[in-house]
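> Next comes target_1.cif, mmCIF, C-alpha atoms:
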```
data_work
loop_
_atom_site.label_atom_id
_atom_site.label_comp_id
_atom_site.auth_asym_id
_atom_site.auth_seq_id
_atom_site.Cartn_x
_atom_site.Cartn_y
_atom_site.Cartn_z
CA MET C 1 -38.08 -33.13 11.62
CA SER C 2 -35.51 -32.15 14.27
CA SER C 3 -35.42 -33.60 17.76
CA LYS C 4 -36.78 -30.33 19.18
CA GLU C 5 -39.83 -30.52 16.87
CA MET C 6 -40.57 -34.17 17.62
CA SER C 7 -43.57 -34.90 19.80
CA PHE C 8 -43.56 -37.30 22.73
CA LEU C 9 -45.12 -40.02 20.55
CA ASP C 10 -42.47 -39.40 17.88
CA HIS C 11 -39.76 -39.94 20.51
CA LEU C 12 -41.44 -43.17 21.61
CA GLU C 13 -41.59 -44.37 18.01
CA GLU C 14 -37.91 -43.52 17.54
CA LEU C 15 -37.02 -45.34 20.77
CA ARG C 16 -39.06 -48.35 19.65
CA TRP C 17 -37.01 -48.74 16.47
CA HIS C 18 -33.74 -48.39 18.37
CA LEU C 19 -34.91 -51.18 20.71
CA VAL C 20 -36.08 -53.33 17.78
CA ARG C 21 -32.68 -53.06 16.09
CA SER C 22 -30.88 -53.76 19.37
CA PHE C 23 -32.91 -56.88 20.11
CA ALA C 24 -32.54 -58.01 16.50
CA ALA C 25 -28.74 -57.77 16.80
CA ILE C 26 -28.81 -59.84 20.00
CA PHE C 27 -31.07 -62.50 18.45
CA ILE C 28 -29.03 -62.75 15.23
CA ILE C 29 -25.80 -63.25 17.16
CA ALA C 30 -27.55 -65.66 19.54
CA ILE C 31 -28.76 -67.74 16.57
CA LEU C 32 -25.21 -67.91 15.18
CA ILE C 33 -23.91 -68.96 18.59
CA PHE C 34 -26.61 -71.62 18.99
CA ALA C 35 -25.75 -72.97 15.54
CA ASN C 36 -22.28 -73.65 16.93
CA ILE C 37 -23.38 -74.44 20.47
CA ASN C 38 -21.21 -77.57 20.82
CA THR C 39 -18.04 -75.62 20.03
CA VAL C 40 -19.10 -72.73 22.28
CA PHE C 41 -19.69 -75.02 25.26
CA ASP C 42 -16.60 -77.17 24.75
CA HIS C 43 -14.16 -74.31 24.19
CA VAL C 44 -15.74 -71.37 26.06
CA LEU C 45 -18.31 -72.15 28.74
CA LEU C 46 -16.82 -75.48 29.85
CA ALA C 47 -13.19 -74.51 29.25
CA HIS C 48 -12.62 -73.93 32.98
CA LEU C 49 -13.11 -77.66 33.62
CA ASP C 50 -9.92 -78.37 31.66
CA PRO C 51 -6.92 -78.72 34.03
CA ASP C 52 -4.78 -77.17 31.28
CA PHE C 53 -6.78 -73.93 31.24
CA SER C 54 -4.37 -70.98 30.92
CA THR C 55 -5.19 -69.48 34.33
CA TYR C 56 -4.48 -72.75 36.17
CA ARG C 57 -1.17 -73.13 34.32
CA PHE C 58 -0.22 -69.55 35.16
CA PHE C 59 -0.95 -69.98 38.89
CA CYS C 60 0.92 -73.30 38.89
CA LYS C 61 4.04 -71.77 37.30
CA PHE C 62 3.84 -68.60 39.42
CA PHE C 63 3.56 -70.31 42.79
CA SER C 64 6.10 -72.97 41.82
CA SER C 65 8.58 -70.26 40.80
CA ILE C 66 8.48 -68.76 44.30
CA GLY C 67 8.78 -72.14 46.00
CA ILE C 68 5.14 -72.62 47.01
CA ASP C 69 3.51 -76.00 46.52
CA THR C 70 0.06 -75.43 45.03
CA ASP C 71 -2.95 -77.56 44.12
CA PHE C 72 -3.23 -75.64 40.85
CA CYS C 73 -0.57 -78.03 39.52
CA ARG C 74 -2.74 -81.04 40.45
CA ILE C 75 -6.19 -80.03 39.27
CA ASP C 76 -8.51 -82.86 38.32
CA PHE C 77 -12.23 -82.24 37.72
CA GLU C 78 -13.57 -85.79 37.92
CA GLN C 79 -17.24 -84.88 38.24
CA THR C 80 -19.44 -84.40 35.21
CA LEU C 81 -22.35 -81.98 34.86
CA GLN C 82 -25.86 -83.35 35.00
CA ALA C 83 -28.97 -82.53 32.96
CA LEU C 84 -31.87 -83.59 35.17
CA ASN C 85 -34.77 -83.11 32.75
CA PRO C 86 -35.27 -83.70 29.01
CA THR C 87 -35.35 -80.00 28.03
CA GLN C 88 -32.53 -78.75 30.25
CA GLN C 89 -29.74 -78.98 27.68
CA LEU C 90 -31.88 -77.27 25.02
CA MET C 91 -33.01 -74.43 27.33
CA THR C 92 -29.52 -73.97 28.76
CA GLY C 93 -28.14 -73.70 25.23
CA ILE C 94 -30.78 -71.13 24.23
CA TRP C 95 -30.37 -69.01 27.36
CA SER C 96 -26.58 -69.10 27.19
CA SER C 97 -26.70 -68.09 23.51
CA LEU C 98 -28.88 -65.08 24.35
CA ILE C 99 -26.55 -63.91 27.13
CA LEU C 100 -23.46 -64.32 24.96
CA GLY C 101 -25.35 -62.59 22.16
CA PHE C 102 -25.87 -59.60 24.45
CA VAL C 103 -22.18 -59.60 25.42
CA ILE C 104 -20.94 -59.66 21.82
CA ALA C 105 -23.54 -57.12 20.64
CA PHE C 106 -22.77 -54.68 23.47
CA PRO C 107 -20.86 -52.11 21.32
CA TYR C 108 -23.76 -52.03 18.87
CA LEU C 109 -26.25 -51.59 21.73
CA ILE C 110 -24.22 -48.66 23.06
CA TRP C 111 -24.16 -47.18 19.56
CA GLU C 112 -27.96 -47.41 19.34
CA ILE C 113 -28.26 -45.66 22.71
CA TRP C 114 -25.93 -42.91 21.49
CA ARG C 115 -27.94 -42.51 18.27
CA PHE C 116 -31.11 -42.01 20.32
CA ILE C 117 -29.70 -39.34 22.64
CA ALA C 118 -27.35 -37.63 20.13
CA PRO C 119 -30.05 -35.49 18.42
CA GLY C 120 -30.78 -33.85 21.77
CA LEU C 121 -27.16 -32.78 22.26
CA HIS C 122 -25.41 -29.65 21.07
CA GLU C 123 -22.94 -30.02 18.21
CA ASN C 124 -19.89 -29.74 20.48
CA GLU C 125 -21.43 -32.25 22.89
CA ARG C 126 -21.99 -34.73 20.05
CA LYS C 127 -18.36 -34.47 18.99
CA LYS C 128 -17.08 -34.99 22.52
CA SER C 129 -19.45 -37.89 23.22
CA LYS C 130 -18.29 -40.03 20.29
CA GLY C 131 -15.58 -41.54 22.49
CA PHE C 132 -18.34 -42.80 24.79
CA ILE C 133 -18.97 -45.85 22.60
CA PHE C 134 -15.31 -46.85 22.58
CA THR C 135 -14.79 -46.21 26.31
CA ALA C 136 -17.94 -48.04 27.41
CA SER C 137 -17.17 -51.00 25.14
CA LEU C 138 -13.53 -51.16 26.28
CA LEU C 139 -14.48 -51.19 29.97
CA PHE C 140 -17.19 -53.79 29.32
CA PHE C 141 -14.84 -56.21 27.55
CA LEU C 142 -12.12 -55.66 30.16
CA GLY C 143 -14.71 -56.82 32.69
CA VAL C 144 -15.52 -59.83 30.51
CA LEU C 145 -11.83 -60.81 30.27
CA PHE C 146 -11.22 -60.24 33.99
CA SER C 147 -14.18 -62.39 35.00
CA TYR C 148 -13.40 -65.13 32.45
CA PHE C 149 -9.68 -65.49 33.20
CA VAL C 150 -9.55 -64.57 36.90
CA ILE C 151 -12.83 -64.77 38.82
CA ILE C 152 -14.45 -67.76 37.12
CA PRO C 153 -11.40 -70.09 37.23
CA MET C 154 -10.95 -69.43 40.96
CA SER C 155 -14.67 -69.93 41.60
CA VAL C 156 -14.86 -73.18 39.60
CA TYR C 157 -11.71 -74.51 41.24
CA PHE C 158 -13.01 -73.69 44.71
CA PHE C 159 -16.56 -75.00 44.34
CA TYR C 160 -15.45 -78.23 42.66
CA ASN C 161 -13.01 -78.98 45.46
CA PHE C 162 -14.90 -77.71 48.51
CA GLN C 163 -16.49 -80.39 50.69
CA ILE C 164 -18.00 -80.23 54.14
CA SER C 165 -17.91 -84.02 54.38
CA ASP C 166 -16.26 -86.88 52.47
CA THR C 167 -19.64 -88.59 52.25
CA ILE C 168 -21.02 -85.79 50.08
CA GLN C 169 -20.16 -85.76 46.38
CA ASN C 170 -20.36 -82.69 44.16
CA ASN C 171 -22.54 -83.41 41.15
CA PHE C 172 -23.52 -80.05 39.73
CA LYS C 173 -26.44 -79.36 37.44
CA LEU C 174 -25.65 -78.06 33.96
CA GLU C 175 -28.02 -75.14 34.44
CA ALA C 176 -26.41 -74.09 37.74
CA TYR C 177 -22.90 -74.28 36.31
CA THR C 178 -23.63 -72.29 33.16
CA SER C 179 -25.55 -69.72 35.23
CA LEU C 180 -22.44 -69.26 37.39
CA ILE C 181 -20.33 -68.63 34.26
CA THR C 182 -22.71 -66.34 32.37
CA ASN C 183 -23.93 -64.38 35.41
CA THR C 184 -20.36 -63.75 36.55
CA ILE C 185 -19.29 -62.58 33.09
CA LEU C 186 -22.28 -60.28 32.74
CA GLY C 187 -22.21 -58.98 36.33
CA VAL C 188 -18.51 -58.12 36.40
CA ALA C 189 -18.64 -56.59 32.90
CA VAL C 190 -21.48 -54.29 33.94
CA PHE C 191 -19.63 -53.39 37.15
CA PHE C 192 -16.66 -52.28 35.05
CA GLU C 193 -18.94 -49.58 33.60
CA LEU C 194 -18.64 -47.67 36.90
CA PRO C 195 -16.57 -44.77 35.47
CA VAL C 196 -19.13 -44.28 32.69
CA LEU C 197 -21.98 -44.31 35.21
CA ILE C 198 -20.16 -41.81 37.44
CA PHE C 199 -19.57 -39.57 34.41
CA PHE C 200 -23.30 -39.25 33.72
CA LEU C 201 -24.27 -38.97 37.40
CA SER C 202 -21.72 -36.16 37.79
CA LYS C 203 -23.02 -34.54 34.61
CA ILE C 204 -26.52 -34.23 36.07
CA GLY C 205 -25.28 -33.24 39.51
CA LEU C 206 -26.14 -36.37 41.50
CA ILE C 207 -22.52 -37.28 42.28
CA THR C 208 -19.51 -35.12 43.19
CA PRO C 209 -15.84 -36.05 43.72
CA GLN C 210 -16.18 -34.91 47.34
CA PHE C 211 -19.01 -37.41 47.82
CA LEU C 212 -16.95 -40.24 46.32
CA LYS C 213 -13.93 -39.37 48.48
CA LYS C 214 -16.07 -39.14 51.63
CA TYR C 215 -17.52 -42.62 51.11
CA ARG C 216 -14.34 -44.27 49.80
CA LYS C 217 -14.00 -46.44 52.94
CA HIS C 218 -17.65 -47.43 52.72
CA ALA C 219 -17.15 -48.35 49.07
CA LEU C 220 -14.19 -50.53 50.02
CA VAL C 221 -16.35 -52.45 52.49
CA VAL C 222 -19.06 -52.94 49.85
CA VAL C 223 -16.47 -54.12 47.31
CA LEU C 224 -15.01 -56.62 49.79
CA ILE C 225 -18.50 -57.96 50.51
CA LEU C 226 -19.23 -58.31 46.79
CA SER C 227 -15.84 -59.97 46.28
CA ALA C 228 -16.63 -62.46 49.03
CA ILE C 229 -19.90 -63.31 47.28
CA ILE C 230 -18.55 -63.82 43.76
CA THR C 231 -15.23 -65.45 44.65
CA PRO C 232 -14.04 -68.32 46.87
CA PRO C 233 -13.99 -67.25 50.54
CA ASP C 234 -10.25 -66.69 50.93
CA VAL C 235 -8.35 -63.46 51.37
CA ALA C 236 -6.19 -63.83 48.25
CA SER C 237 -9.19 -64.22 45.93
CA GLN C 238 -10.98 -61.25 47.47
CA ILE C 239 -7.90 -59.05 47.06
CA ILE C 240 -7.45 -60.09 43.42
CA VAL C 241 -11.04 -59.10 42.67
CA SER C 242 -11.15 -56.00 44.90
CA VAL C 243 -8.00 -54.28 43.58
CA PRO C 244 -9.21 -53.60 40.00
CA ILE C 245 -12.64 -52.55 41.26
CA MET C 246 -11.10 -50.04 43.67
CA ILE C 247 -8.87 -48.81 40.84
CA LEU C 248 -12.04 -48.19 38.83
CA TYR C 249 -13.47 -46.35 41.85
CA GLU C 250 -10.42 -44.07 41.99
CA ILE C 251 -10.67 -43.48 38.24
CA SER C 252 -14.33 -42.57 38.79
CA ILE C 253 -13.30 -39.90 41.31
CA HIS C 254 -11.02 -38.31 38.70
CA VAL C 255 -13.78 -38.58 36.08
CA SER C 256 -16.23 -36.83 38.40
CA ARG C 257 -13.66 -34.13 39.18
CA PHE C 258 -13.07 -33.57 35.45
CA VAL C 259 -16.81 -33.22 34.79
CA ILE C 260 -17.35 -30.77 37.66
CA LYS C 261 -14.35 -28.62 36.67
CA LYS C 262 -15.57 -28.55 33.08
CA GLN C 263 -19.01 -27.41 34.16
CA GLU C 264 -17.58 -24.72 36.46
CA LYS C 265 -15.34 -23.48 33.63
CA ASN C 266 -18.32 -23.21 31.31
CA LEU C 267 -20.27 -21.28 33.94
CA THR C 268 -17.47 -18.74 34.39
CA LYS C 269 -17.33 -18.21 30.63
CA SER C 270 -21.07 -17.90 30.06
CA PRO C 271 -21.55 -14.35 31.50
CA ARG C 272 -18.97 -13.01 29.03
CA VAL C 273 -20.88 -14.28 26.03
#
```
Here is a file; write its structure as structure tokens.

Amino acid sequence: MSSKEMSFLDHLEELRWHLVRSFAAIFIIAILIFANINTVFDHVLLAHLDPDFSTYRFFCKFFSSIGIDTDFCRIDFEQTLQALNPTQQLMTGIWSSLILGFVIAFPYLIWEIWRFIAPGLHENERKKSKGFIFTASLLFFLGVLFSYFVIIPMSVYFFYNFQISDTIQNNFKLEAYTSLITNTILGVAVFFELPVLIFFLSKIGLITPQFLKKYRKHALVVVLILSAIITPPDVASQIIVSVPIMILYEISIHVSRFVIKKQEKNLTKSPRV
């Protein structure tokens, strides 16, 4: 039965199986992660508490090479994380495994989405949309790497060393710390999907390159506000985070322009057919 012959209930049934397979992939990966949860926490989620983490070493060497004395060369995380109830370590491990399972399974999830919408596309549209899986996955994992090696180290460094009084000691909860790590990874990775989102919004006529150009300054303000929220409140950190996001915004303008020009070209050709 073709997609055009399928009833509404048939589409729902098809969607249900795509969702079942997607959730199954997440759970299977999450189970594998949880089976190695000690290694995952020691070498991934808690890696930013190691003074020898690659980002700290890079900043230390970089600033030292230009003659600037920096605290990145003297990092010392003395505080330990606290689990304040009997089930906190177990639940934190389960929740973190699920989030990391989603991150790792993302290309498969995109593939399932493509398989669901592909039958409703024309043959030439299906051929052109195959690069969607690769592009969306690439942008997603670029966001993961950017958050893991840039945003999170700066955030951990700042929050562990910020004090409003010497009488107050930072003793962070395990749940709060891991939420900072996983939420930042997931949030930034999703934000890196902006060009893909703009592509589809332009395709259905909700966004135009003129609109994106008109509100470029407004977008910059929003990006700076978001950067101030997810990074330490200093100008350097905000700039480091804002620059790639604004680059993605400019790429999105070109993506929207490409989509609109393609649609206009097809319209000019259609009367001749």
> Please return the centre and edge lengths, in Å to one decimal, of a box with edges along x, y and z that contains all listed atoms of range 78-89 of chain C, widened by 6 Å on every side, as lines of an AutoDock Vina configuration file.

```
center_x = -24.5
center_y = -82.3
center_z = 33.0
size_x = 33.8
size_y = 19.0
size_z = 22.6
```
> Quick one: contact table of range 23-139 of chain C to range 168-188 of chain C, 7 Å max, nearest atom pair and distance in Å to one decimal per residue, counting all atoms listed in the file, chain and number order, as JSON lines?

```
{"residue": "C:Leu45", "atom": "CA", "partner": "C:Ile181", "partner_atom": "CA", "distance": 6.9}
{"residue": "C:Gln79", "atom": "CA", "partner": "C:Asn171", "partner_atom": "CA", "distance": 6.2}
{"residue": "C:Thr80", "atom": "CA", "partner": "C:Asn171", "partner_atom": "CA", "distance": 6.8}
{"residue": "C:Leu81", "atom": "CA", "partner": "C:Leu174", "partner_atom": "CA", "distance": 5.2}
{"residue": "C:Gln82", "atom": "CA", "partner": "C:Lys173", "partner_atom": "CA", "distance": 4.7}
{"residue": "C:Ala83", "atom": "CA", "partner": "C:Leu174", "partner_atom": "CA", "distance": 5.7}
{"residue": "C:Thr92", "atom": "CA", "partner": "C:Glu175", "partner_atom": "CA", "distance": 6.0}
{"residue": "C:Ile99", "atom": "CA", "partner": "C:Thr182", "partner_atom": "CA", "distance": 6.9}
```
> Please evaluate the PyMOL selection byres ((chain C and resi 75) around 9) against the displayed coordinates and give the resulting residues as an MDAnalysis selection string.
chainID C and resid 50:52 56 71:74 76:77 157
> Sort by chain and increasing residue number a table of all residues of range 122-238 of chain C within 6 Å of range 255-261 of chain C, each with its closest pair of atoms and their distance in Å to one decimal, counting only C-alpha atoms, and write it as a Markdown table.

```
| residue | atom | partner | partner_atom | distance |
| --- | --- | --- | --- | --- |
| C:Phe199 | CA | C:Ser256 | CA | 5.9 |
| C:Ser202 | CA | C:Ser256 | CA | 5.6 |
| C:Pro209 | CA | C:Arg257 | CA | 5.4 |
```
> Considering only C-alpha atoms, return as a PyMOL selection string whatever protein or nucleic-acid residues lie within 10 Å of Phe106 in chain C, sequence-local ones (same chain, fewer than 2 positions apart) excluded.
chain C and resi 22+25-26+100-104+108-112+133+136-137+140-141
> Would you save the residues of that selection, restricted to C-alpha atoms, as a PDB file, keeping the file's coordinate frame?

```pdb
ATOM      1  CA  SER C  22     -30.880 -53.760  19.370  1.00  0.00           C
ATOM      2  CA  ALA C  25     -28.740 -57.770  16.800  1.00  0.00           C
ATOM      3  CA  ILE C  26     -28.810 -59.840  20.000  1.00  0.00           C
ATOM      4  CA  LEU C 100     -23.460 -64.320  24.960  1.00  0.00           C
ATOM      5  CA  GLY C 101     -25.350 -62.590  22.160  1.00  0.00           C
ATOM      6  CA  PHE C 102     -25.870 -59.600  24.450  1.00  0.00           C
ATOM      7  CA  VAL C 103     -22.180 -59.600  25.420  1.00  0.00           C
ATOM      8  CA  ILE C 104     -20.940 -59.660  21.820  1.00  0.00           C
ATOM      9  CA  TYR C 108     -23.760 -52.030  18.870  1.00  0.00           C
ATOM     10  CA  LEU C 109     -26.250 -51.590  21.730  1.00  0.00           C
ATOM     11  CA  ILE C 110     -24.220 -48.660  23.060  1.00  0.00           C
ATOM     12  CA  TRP C 111     -24.160 -47.180  19.560  1.00  0.00           C
ATOM     13  CA  GLU C 112     -27.960 -47.410  19.340  1.00  0.00           C
ATOM     14  CA  ILE C 133     -18.970 -45.850  22.600  1.00  0.00           C
ATOM     15  CA  ALA C 136     -17.940 -48.040  27.410  1.00  0.00           C
ATOM     16  CA  SER C 137     -17.170 -51.000  25.140  1.00  0.00           C
ATOM     17  CA  PHE C 140     -17.190 -53.790  29.320  1.00  0.00           C
ATOM     18  CA  PHE C 141     -14.840 -56.210  27.550  1.00  0.00           C
TER      19      PHE C 141
END
```
> One decimal, Å: what's the distance from CA of Phe192 in chain C over to CA of Phe63 in chain C, could you say?
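Separation between CA of Phe192 in chain C and CA of Phe63 in chain C: 28.2 Å.
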> Could you give me, as a list of chain:residue names, the residues that sit within 9 Å of (-17.9, -42.6, 37.4) in the file's coordinates, counting only C-alpha atoms?
C:Glu193, C:Leu194, C:Pro195, C:Val196, C:Leu197, C:Ile198, C:Phe199, C:Phe200, C:Leu201, C:Ser202, C:Ile207, C:Leu248, C:Tyr249, C:Glu250, C:Ile251, C:Ser252, C:Ile253, C:His254, C:Val255, C:Ser256
> On this structure, the PyMOL selection byres ((chain C and resi 148) around 10) would catch which residues? List them as a ChimeraX atom specification, sorted by chain and number.
/C:44-45,47-48,55,142-147,149-154,181-182,184-185,188
> Hey, can you check how far CA of Val241 in chain C sits from CA of Ser227 in chain C?
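Computing the Euclidean distance for CA of Val241 in chain C and CA of Ser227 in chain C yields 6.1 Å.
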> Record the distance separating CA of Trp114 in chain C and CA of Thr208 in chain C, expressed in Å with one decimal.
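It comes out at 23.9 Å.
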> Using all atoms listed in the file, find the one residue out of C:Ile66, C:Val40, C:Val156, C:Leu98 that sits nearest to Phe23 in chain C.
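That would be C:Leu98, the residue with the smallest distance to Phe23 in chain C.
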> Tell me which of C:Ile94, C:Ile117, C:Gln263, C:Val20 sits closest to Ile204 in chain C, counting all atoms listed in the file.
C:Gln263
> Identify which of the residues C:Ala30, C:Ser65, C:Phe41, C:Val243 lies closest to Leu224 in chain C, counting all atoms listed in the file when measuring atom-to-atom distances.
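Among C:Ala30, C:Ser65, C:Phe41, C:Val243, it is C:Val243 that comes nearest to Leu224 in chain C.
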> Given the choices C:Phe62, C:Ile113, C:Pro107, C:Phe34, which gets closest to Leu19 in chain C if the distance is worked out from only C-alpha atoms?
C:Ile113
> Choose the residue, out of C:Ala189, C:Ile29, C:Ile247, C:Asp42, that has the smallest atom-to-atom separation from Arg216 in chain C; count only C-alpha atoms.
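With only C-alpha atoms as the atom set, the closest residue is C:Ile247.
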